[in-house]
>>> print(open('run.cif').read())   # mmCIF, C-alpha atoms and all ligand atoms
data_target
#
loop_
_atom_site.label_atom_id
_atom_site.label_comp_id
_atom_site.auth_asym_id
_atom_site.auth_seq_id
_atom_site.Cartn_x
_atom_site.Cartn_y
_atom_site.Cartn_z
CA MET A 202 -50.56 146.78 20.45
CA ALA A 203 -46.88 145.95 19.86
CA GLN A 204 -46.30 144.31 16.49
CA ASN A 205 -43.91 141.38 16.19
CA ARG A 206 -41.42 142.32 13.52
CA LYS A 207 -40.47 139.76 10.93
CA LYS A 208 -37.23 137.93 11.70
CA LYS A 209 -34.17 138.70 9.61
CA ILE A 210 -32.00 135.96 8.17
CA GLY A 211 -28.52 136.78 6.89
CA LEU A 212 -27.14 134.25 4.42
CA ILE A 213 -23.43 134.77 3.81
CA GLY A 214 -22.54 133.16 0.50
CA GLY A 215 -25.06 133.07 -2.31
CA GLY A 216 -23.83 129.94 -4.08
CA GLN A 217 -25.43 126.49 -4.25
CA ILE A 218 -26.29 126.12 -0.58
CA GLY A 219 -26.95 129.84 -0.10
CA GLY A 220 -29.57 129.92 -2.87
CA ASN A 221 -31.35 126.86 -1.47
CA LEU A 222 -31.26 128.33 2.03
CA ALA A 223 -32.97 131.47 0.74
CA LEU A 224 -35.66 129.44 -0.99
CA LEU A 225 -36.34 127.25 2.06
CA ALA A 226 -36.38 130.26 4.41
CA VAL A 227 -39.04 131.92 2.27
CA GLN A 228 -41.08 128.75 1.77
CA LYS A 229 -41.05 128.13 5.52
CA ASN A 230 -41.90 131.77 6.24
CA LEU A 231 -38.92 132.12 8.58
CA GLY A 232 -38.35 135.81 7.90
CA ASP A 233 -36.94 138.26 5.39
CA VAL A 234 -33.66 137.15 3.89
CA VAL A 235 -30.51 139.03 2.94
CA LEU A 236 -28.46 136.93 0.54
CA TYR A 237 -24.95 138.39 0.74
CA ASP A 238 -21.96 137.64 -1.48
CA ILE A 239 -18.80 139.39 -2.67
CA PRO A 240 -19.08 142.15 -5.31
CA ALA A 241 -17.96 139.75 -8.06
CA ALA A 242 -21.12 137.72 -7.37
CA GLU A 243 -23.51 140.68 -7.28
CA GLY A 244 -25.51 139.46 -10.29
CA LEU A 245 -25.78 135.98 -8.76
CA VAL A 246 -27.33 137.14 -5.48
CA LYS A 247 -29.49 139.84 -7.03
CA GLY A 248 -30.69 137.32 -9.62
CA LYS A 249 -31.49 134.63 -7.04
CA ALA A 250 -33.33 137.18 -4.89
CA LEU A 251 -35.43 138.38 -7.81
CA ASP A 252 -36.13 134.86 -8.99
CA ILE A 253 -37.30 133.72 -5.52
CA ASN A 254 -39.39 136.87 -5.00
CA GLN A 255 -41.15 136.19 -8.29
CA LEU A 256 -41.72 132.55 -7.28
CA SER A 257 -43.31 133.86 -4.06
CA ALA A 258 -46.18 135.26 -6.07
CA VAL A 259 -47.11 131.76 -7.28
CA ASP A 260 -47.71 130.30 -3.84
CA GLY A 261 -48.14 133.55 -1.89
CA TYR A 262 -45.08 133.56 0.38
CA ASP A 263 -44.83 136.67 2.58
CA CYS A 264 -41.08 136.87 3.15
CA ARG A 265 -38.74 138.66 0.77
CA VAL A 266 -35.15 138.12 -0.34
CA THR A 267 -32.67 140.96 -0.92
CA GLY A 268 -29.49 140.20 -2.83
CA SER A 269 -26.64 142.32 -1.48
CA THR A 270 -22.89 142.88 -1.56
CA ASP A 271 -23.00 145.33 1.35
CA TRP A 272 -22.54 144.08 4.90
CA LYS A 273 -24.68 146.96 6.16
CA ASP A 274 -27.68 145.08 4.77
CA VAL A 275 -26.81 142.08 6.95
CA ALA A 276 -26.81 144.22 10.13
CA GLY A 277 -29.53 143.31 12.61
CA SER A 278 -29.87 139.70 11.41
CA ASP A 279 -31.36 137.39 14.03
CA VAL A 280 -29.66 134.39 12.51
CA ILE A 281 -26.73 134.13 10.11
CA ILE A 282 -25.81 131.06 8.10
CA ILE A 283 -22.33 131.04 6.57
CA THR A 284 -21.77 129.11 3.36
CA ALA A 285 -19.08 131.47 2.06
CA GLY A 286 -16.30 129.15 1.02
CA VAL A 287 -15.03 126.95 -1.73
CA PRO A 288 -16.48 123.43 -2.03
CA ARG A 289 -14.22 120.47 -2.77
CA LYS A 290 -13.94 118.68 -6.10
CA PRO A 291 -13.28 114.97 -6.74
CA GLY A 292 -9.92 113.84 -5.34
CA MET A 293 -9.85 116.53 -2.63
CA THR A 294 -10.40 116.20 1.09
CA ARG A 295 -12.30 118.80 3.10
CA GLU A 296 -9.00 119.62 4.81
CA ASP A 297 -7.56 120.68 1.43
CA LEU A 298 -9.94 123.66 1.65
CA LEU A 299 -8.45 124.97 4.88
CA ASP A 300 -6.17 127.73 3.56
CA VAL A 301 -8.55 129.20 1.02
CA ASN A 302 -11.62 129.02 3.26
CA LEU A 303 -9.78 130.38 6.30
CA LYS A 304 -9.03 133.55 4.32
CA ILE A 305 -12.73 133.85 3.51
CA MET A 306 -13.67 133.17 7.14
CA ARG A 307 -11.38 135.96 8.37
CA ASP A 308 -13.33 138.39 6.20
CA VAL A 309 -16.76 136.98 7.10
CA ALA A 310 -16.17 136.62 10.86
CA GLY A 311 -14.66 140.11 11.06
CA ASN A 312 -17.74 141.54 9.40
CA ILE A 313 -20.09 139.60 11.68
CA LYS A 314 -18.25 141.05 14.66
CA GLN A 315 -18.72 144.54 13.25
CA HIS A 316 -22.21 144.33 11.78
CA ALA A 317 -24.18 141.54 13.48
CA PRO A 318 -22.64 140.72 16.87
CA ASN A 319 -25.99 139.65 18.34
CA ALA A 320 -26.87 137.04 15.73
CA PHE A 321 -27.00 133.28 16.27
CA VAL A 322 -24.42 132.12 13.75
CA ILE A 323 -24.43 128.73 12.05
CA ASN A 324 -21.32 127.87 10.06
CA VAL A 325 -21.48 125.45 7.16
CA ALA A 326 -18.17 126.14 5.35
CA ASN A 327 -15.56 123.37 5.33
CA PRO A 328 -13.46 122.02 6.87
CA LEU A 329 -16.39 122.38 9.24
CA ASP A 330 -14.87 121.90 12.66
CA ALA A 331 -11.86 124.13 11.95
CA MET A 332 -13.98 126.85 10.36
CA VAL A 333 -16.40 127.07 13.29
CA TYR A 334 -13.43 127.30 15.64
CA ALA A 335 -11.96 130.16 13.56
CA LEU A 336 -15.34 131.91 13.35
CA HIS A 337 -15.77 131.84 17.13
CA LYS A 338 -12.26 133.17 17.75
CA ILE A 339 -12.34 135.95 15.16
CA ALA A 340 -15.91 137.13 15.72
CA GLY A 341 -15.57 136.93 19.50
CA LEU A 342 -19.18 135.77 19.86
CA PRO A 343 -20.48 134.08 23.04
CA ASP A 344 -20.03 130.28 23.08
CA ASN A 345 -23.79 129.66 22.88
CA MET A 346 -24.26 131.81 19.78
CA VAL A 347 -21.89 129.94 17.45
CA VAL A 348 -22.46 126.48 16.07
CA GLY A 349 -21.39 124.30 13.14
CA MET A 350 -23.78 122.35 10.90
CA ALA A 351 -22.73 118.81 10.07
CA GLY A 352 -24.37 116.37 12.48
CA VAL A 353 -27.90 116.98 11.18
CA LEU A 354 -26.71 116.23 7.65
CA ASP A 355 -24.59 113.21 8.62
CA THR A 356 -27.48 111.83 10.69
CA SER A 357 -29.96 112.38 7.87
CA ARG A 358 -27.70 110.46 5.49
CA PHE A 359 -27.54 107.57 7.95
CA LYS A 360 -31.34 107.61 8.37
CA CYS A 361 -31.81 107.70 4.60
CA PHE A 362 -29.62 104.63 4.05
CA VAL A 363 -31.31 102.73 6.91
CA ALA A 364 -34.78 103.47 5.54
CA GLU A 365 -33.65 102.34 2.07
CA ALA A 366 -32.18 99.11 3.43
CA LEU A 367 -35.38 98.25 5.30
CA GLY A 368 -37.83 99.64 2.79
CA SER A 369 -39.36 101.48 5.73
CA SER A 370 -40.57 105.04 6.20
CA ILE A 371 -37.73 107.43 6.94
CA ARG A 372 -40.01 109.10 9.52
CA ASP A 373 -39.63 106.20 11.90
CA VAL A 374 -35.84 106.10 11.83
CA GLU A 375 -34.23 107.66 14.90
CA ALA A 376 -30.46 107.93 14.81
CA LEU A 377 -27.52 109.96 15.96
CA VAL A 378 -24.13 110.63 14.41
CA LEU A 379 -21.54 112.18 16.70
CA GLY A 380 -18.04 113.57 16.23
CA GLY A 381 -16.20 115.60 13.65
CA HIS A 382 -17.38 116.12 10.08
CA GLY A 383 -14.92 113.67 8.54
CA ASP A 384 -14.41 110.02 7.73
CA ASP A 385 -14.06 109.22 11.45
CA MET A 386 -17.52 110.47 12.42
CA VAL A 387 -19.35 108.12 14.79
CA PRO A 388 -22.81 106.79 13.82
CA LEU A 389 -24.17 105.49 17.14
CA VAL A 390 -25.80 102.25 16.06
CA ARG A 391 -26.61 101.24 19.64
CA HIS A 392 -28.68 104.40 20.03
CA SER A 393 -30.54 104.08 16.71
CA THR A 394 -34.03 102.66 16.28
CA VAL A 395 -36.76 102.19 13.70
CA GLY A 396 -40.21 102.62 15.21
CA GLY A 397 -38.64 102.07 18.60
CA VAL A 398 -37.01 98.76 17.61
CA PRO A 399 -33.21 98.71 17.97
CA LEU A 400 -31.47 98.84 14.61
CA THR A 401 -29.23 95.93 15.54
CA GLN A 402 -32.34 93.68 15.62
CA LEU A 403 -33.40 94.77 12.14
CA ILE A 404 -30.27 94.89 10.00
CA ALA A 405 -27.48 92.29 9.87
CA LYS A 406 -24.03 93.46 11.01
CA ASP A 407 -22.37 93.34 7.59
CA LYS A 408 -25.16 95.47 6.07
CA LEU A 409 -25.00 97.90 8.97
CA ASP A 410 -21.23 98.22 8.58
CA ALA A 411 -21.75 99.08 4.90
CA ILE A 412 -24.32 101.75 5.87
CA ILE A 413 -21.91 103.24 8.40
CA ASP A 414 -19.14 103.36 5.80
CA ARG A 415 -21.41 104.98 3.21
CA THR A 416 -22.54 107.57 5.78
CA ARG A 417 -18.95 108.43 6.66
CA LYS A 418 -18.17 108.92 2.99
CA GLY A 419 -21.53 110.53 2.19
CA GLY A 420 -20.05 113.90 1.25
CA ALA A 421 -17.44 112.36 -1.06
CA GLU A 422 -20.11 110.24 -2.78
CA LEU A 423 -21.94 113.42 -3.82
CA VAL A 424 -18.73 115.22 -4.79
CA GLY A 425 -17.99 112.24 -7.05
CA LEU A 426 -21.39 112.52 -8.69
CA TYR A 427 -21.58 116.30 -9.05
CA LYS A 428 -17.89 116.65 -10.04
CA THR A 429 -17.91 120.49 -9.84
CA GLY A 430 -18.86 120.90 -6.18
CA SER A 431 -20.52 119.26 -3.22
CA ALA A 432 -23.97 118.54 -1.75
CA TYR A 433 -26.40 121.44 -1.37
CA PHE A 434 -30.03 120.35 -0.90
CA GLY A 435 -29.36 118.26 2.24
CA PRO A 436 -26.96 120.81 3.74
CA ALA A 437 -29.46 123.63 3.19
CA ALA A 438 -32.36 121.72 4.79
CA SER A 439 -30.15 120.69 7.72
CA SER A 440 -29.03 124.26 8.40
CA ILE A 441 -32.61 125.53 8.19
CA ALA A 442 -33.71 122.98 10.81
CA MET A 443 -31.14 124.48 13.19
CA ALA A 444 -32.12 128.07 12.34
CA GLU A 445 -35.82 127.26 12.84
CA SER A 446 -35.19 125.78 16.26
CA PHE A 447 -33.50 129.03 17.27
CA LEU A 448 -36.02 131.40 15.66
CA PHE A 449 -39.08 129.62 17.06
CA ASP A 450 -37.49 128.57 20.36
CA ARG A 451 -38.26 124.95 19.42
CA LYS A 452 -35.63 123.55 21.78
CA ARG A 453 -34.94 120.69 19.40
CA VAL A 454 -32.13 118.32 20.26
CA LEU A 455 -29.91 118.18 17.20
CA PRO A 456 -26.33 117.08 16.66
CA ALA A 457 -24.08 120.07 15.95
CA ALA A 458 -20.51 121.25 16.39
CA ALA A 459 -20.73 123.15 19.67
CA MET A 460 -18.25 124.57 22.14
CA LEU A 461 -17.45 121.92 24.74
CA LYS A 462 -16.36 122.82 28.25
CA GLY A 463 -15.34 119.47 29.65
CA GLN A 464 -18.22 117.38 28.27
CA TYR A 465 -17.00 114.15 26.65
CA GLY A 466 -13.59 114.94 28.24
CA ILE A 467 -13.10 117.77 25.70
CA SER A 468 -12.49 121.42 26.58
CA ASP A 469 -12.50 124.71 24.65
CA PHE A 470 -13.12 122.94 21.39
CA PHE A 471 -16.01 122.72 18.90
CA PHE A 472 -17.12 119.13 18.35
CA GLY A 473 -20.21 117.33 17.06
CA VAL A 474 -22.52 116.36 19.93
CA PRO A 475 -26.28 116.58 20.60
CA VAL A 476 -27.29 120.07 21.69
CA GLN A 477 -30.57 121.76 22.52
CA ILE A 478 -31.15 124.80 20.32
CA GLY A 479 -33.67 127.44 21.39
CA ALA A 480 -34.01 131.20 21.66
CA GLY A 481 -30.86 131.21 23.78
CA GLY A 482 -28.85 129.59 20.98
CA VAL A 483 -27.09 126.46 22.18
CA GLU A 484 -28.92 126.16 25.48
CA LYS A 485 -27.62 122.77 26.53
CA VAL A 486 -24.95 120.28 25.54
CA ILE A 487 -26.28 116.78 26.04
CA THR A 488 -23.97 114.04 27.20
CA VAL A 489 -24.72 110.59 25.77
CA GLU A 490 -23.57 107.64 27.84
CA LEU A 491 -21.10 105.73 25.70
CA ASN A 492 -19.51 102.32 26.08
CA ASP A 493 -15.74 101.83 25.80
CA ALA A 494 -15.81 101.06 22.06
CA GLU A 495 -17.91 104.16 21.31
CA LYS A 496 -15.64 106.29 23.51
CA ALA A 497 -12.62 105.03 21.56
CA GLU A 498 -14.28 105.88 18.23
CA LEU A 499 -15.18 109.36 19.44
CA LYS A 500 -11.61 109.91 20.64
CA LYS A 501 -10.31 108.91 17.20
CA SER A 502 -12.67 111.40 15.55
CA TYR A 503 -11.58 114.12 18.01
CA GLU A 504 -7.89 113.43 17.33
CA SER A 505 -8.34 113.75 13.57
CA VAL A 506 -10.38 116.97 13.84
CA LYS A 507 -7.80 118.36 16.28
CA GLN A 508 -5.04 117.95 13.70
CA THR A 509 -6.87 120.32 11.33
CA VAL A 510 -7.92 122.78 14.04
CA GLU A 511 -4.28 123.02 15.14
CA LEU A 512 -3.39 124.27 11.66
CA VAL A 513 -5.68 127.28 12.17
CA LYS A 514 -3.29 130.09 13.03
CA LEU A 515 -5.14 133.32 13.81
N1 LIG B 601 -20.99 121.43 6.75
C1 LIG B 601 -21.48 120.67 5.78
O1 LIG B 601 -22.08 119.62 6.05
C2 LIG B 601 -21.32 121.08 4.35
C3 LIG B 601 -22.09 120.48 3.35
C4 LIG B 601 -21.92 120.89 2.03
C5 LIG B 601 -21.01 121.91 1.72
N2 LIG B 601 -20.28 122.47 2.73
C6 LIG B 601 -19.35 123.57 2.48
O2 LIG B 601 -20.10 124.78 2.29
C7 LIG B 601 -19.34 125.70 1.50
C8 LIG B 601 -20.22 126.28 0.40
O3 LIG B 601 -20.65 125.30 -0.50
P1 LIG B 601 -21.48 125.72 -1.82
O4 LIG B 601 -21.77 124.46 -2.55
O5 LIG B 601 -22.59 126.63 -1.46
O6 LIG B 601 -20.35 126.54 -2.61
P2 LIG B 601 -20.54 127.61 -3.77
O7 LIG B 601 -19.22 127.77 -4.44
O8 LIG B 601 -21.71 127.28 -4.62
O9 LIG B 601 -20.89 128.96 -2.99
C9 LIG B 601 -19.97 129.60 -2.18
C10 LIG B 601 -20.20 131.09 -2.29
O10 LIG B 601 -19.36 131.77 -1.34
C11 LIG B 601 -19.07 133.02 -1.92
N3 LIG B 601 -17.96 133.71 -1.22
C12 LIG B 601 -16.63 133.56 -1.41
N4 LIG B 601 -15.97 134.42 -0.60
C13 LIG B 601 -16.91 135.10 0.09
C14 LIG B 601 -16.84 136.13 1.07
N5 LIG B 601 -15.67 136.60 1.51
N6 LIG B 601 -18.00 136.61 1.55
C15 LIG B 601 -19.20 136.13 1.13
N7 LIG B 601 -19.31 135.18 0.20
C16 LIG B 601 -18.18 134.67 -0.32
C17 LIG B 601 -18.76 132.67 -3.37
O11 LIG B 601 -18.77 133.84 -4.19
C18 LIG B 601 -19.85 131.67 -3.67
O12 LIG B 601 -21.00 132.29 -4.24
C19 LIG B 601 -18.12 124.89 1.02
O13 LIG B 601 -17.00 125.22 1.83
C20 LIG B 601 -18.52 123.44 1.22
O14 LIG B 601 -17.41 122.59 1.41
C21 LIG B 601 -20.42 122.08 4.02
O1 LIG B 602 -18.23 116.52 1.45
C1 LIG B 602 -18.13 117.73 1.23
O2 LIG B 602 -17.11 118.23 0.75
C2 LIG B 602 -19.30 118.63 1.49
C3 LIG B 602 -19.97 118.37 2.80
O3 LIG B 602 -19.08 118.40 3.87
C4 LIG B 602 -20.79 117.11 2.80
O4 LIG B 602 -20.64 116.29 3.70
O5 LIG B 602 -21.62 116.96 1.88
#
>>> encode(input="run.cif", output="structure tokens")
Amino acid sequence: MAQNRKKKIGLIGGGQIGGNLALLAVQKNLGDVVLYDIPAAEGLVKGKALDINQLSAVDGYDCRVTGSTDWKDVAGSDVIIITAGVPRKPGMTREDLLDVNLKIMRDVAGNIKQHAPNAFVINVANPLDAMVYALHKIAGLPDNMVVGMAGVLDTSRFKCFVAEALGSSIRDVEALVLGGHGDDMVPLVRHSTVGGVPLTQLIAKDKLDAIIDRTRKGGAELVGLYKTGSAYFGPAASSIAMAESFLFDRKRVLPAAAMLKGQYGISDFFFGVPVQIGAGGVEKVITVELNDAEKAELKKSYESVKQTVELVKL
């Protein structure tokens, strides 16, 4: 009888998010993990791999992590998550990372093209929307196999603040944040509910406005607290949710930066919208009906993301 082989997960970048991705992948039994980083970080990835493999004995996890500085080990990955890139520090914008992270992306995307052209690739590096655009161009992957992680994280921040404000279970909060991964992202209040009850009936407008503002600045709030880098637990969990939906053909509808071909009036551009992720990668882009005010907000977010993407010269 044919045996199902274990899935292979390539994690490019073994820093804060990369290490947490490896841990979550093992704990969720997603597959064997290759944690790749540059030669200067060999000890870091080999150490994290060994540490997680030893932890596996405690709870009996079956998947293994290999720390590597050789792209050949990444070959054959079913899914790749890219966190190779510098995080911002207090006082910086995500856009300030463009030059340095674009250099890293050239290297990473070129290697994906060479070593893992069939993988479903999730980019996390910032500035998110520009980096996923560069990845797609350089790696030459099909539109459906490249996606950027931001919407799941931005939406989870919004849900977290709503649950806190109401003192309710976070499980019952349904919400959606659209647009680019920047201060102009669009939390869709009209489409958000708690236990099926519209959010607008539960939280007063001034409180909701404060939640929206805090969500938009959610990344900066953590940068301000950590001081030496940015968020990593939430980003890792958000990326794993996307990878899981692909690996197990879950067909979850999740907000992500996906290639648009005319949807929302946007063409040949990666932008944060709800997509269905399954074994075929991004299988569907879902169009949400928006009112004029929401359309205007989304256009503003698009215009600001576009400014950064236009600086990407390949
Ligand atoms: N999309 C999001 O929502 C989101 C959320 C948080 C962080 N981020 C971004 O994710 C990136 C990583 O964050 P982090 O906290 O893990 O940073 P980190 O500094 O802890 O880790 C980054 C790792 O990338 C490695 N790296 C550098 N060049 C590389 C290359 N060419 N190939 C492979 N690896 C390479 C570094 O050696 C380092 O280990 C940052 O750009 C950050 O801004 C995005
Ligand atoms: O804010 C950052 O720099 C990191 C990330 O984009 C986040 O939203 O946490």
>>> residues_near_ligand(input="run.cif", ligand="ligand LIG 601 (chain B)", cutoff="6 Å", atoms="only C-alpha atoms and all ligand atoms", output="ChimeraX atom specification")
/A:213-219,238-239,242,284-289,305,308-309,325-327,329,350-351,354,430-433,436
>>> axis_aligned_box(input="run.cif", around="ligand LIG 602 (chain B)", padding_each_side="3 Å", output="lines of an AutoDock Vina configuration file")
center_x = -19.4
center_y = 117.5
center_z = 2.3
size_x = 10.5
size_y = 8.3
size_z = 9.1
>>> atom_distance(input="run.cif", atom1="atom CA of A:His382", atom2="atom CA of A:Gly397")
26.9 Å
>>> atom_distance(input="run.cif", atom1="atom CA of A:Val454", atom2="atom CA of A:Pro475")
6.1 Å
>>> residues_around(input="run.cif", residues="A:Thr509", least_positions_apart="2", cutoff="12 Å", atoms="only C-alpha atoms", output="ChimeraX atom specification")
/A:294-300,303,327-335,381-383,502-507,511-514
>>> residues_around(input="run.cif", residues="stretch 417-428 of chain A", least_positions_apart="5", cutoff="6 Å", atoms="only C-alpha atoms", output="VMD selection string")
chain A and resid 290 to 291 384
>>> closest_residue(input="run.cif", among="A:Gly435, A:Asp407, A:Asn254, A:Gly368", to="ligand LIG 602 (chain B)", atoms="all atoms listed in the file")
A:Gly435
>>> closest_residue(input="run.cif", among="A:Gly292, A:Gly396, A:Pro456, A:Gly211", to="ligand LIG 602 (chain B)", atoms="only C-alpha atoms and all ligand atoms")
A:Gly292
>>> closest_residue(input="run.cif", among="A:Leu224, A:Asp493, A:Lys338, A:Lys249", to="A:Phe471", atoms="all atoms listed in the file")
A:Lys338
>>> atom_distance(input="run.cif", atom1="atom CA of A:Gly220", atom2="atom CA of A:Gly482")
23.9 Å
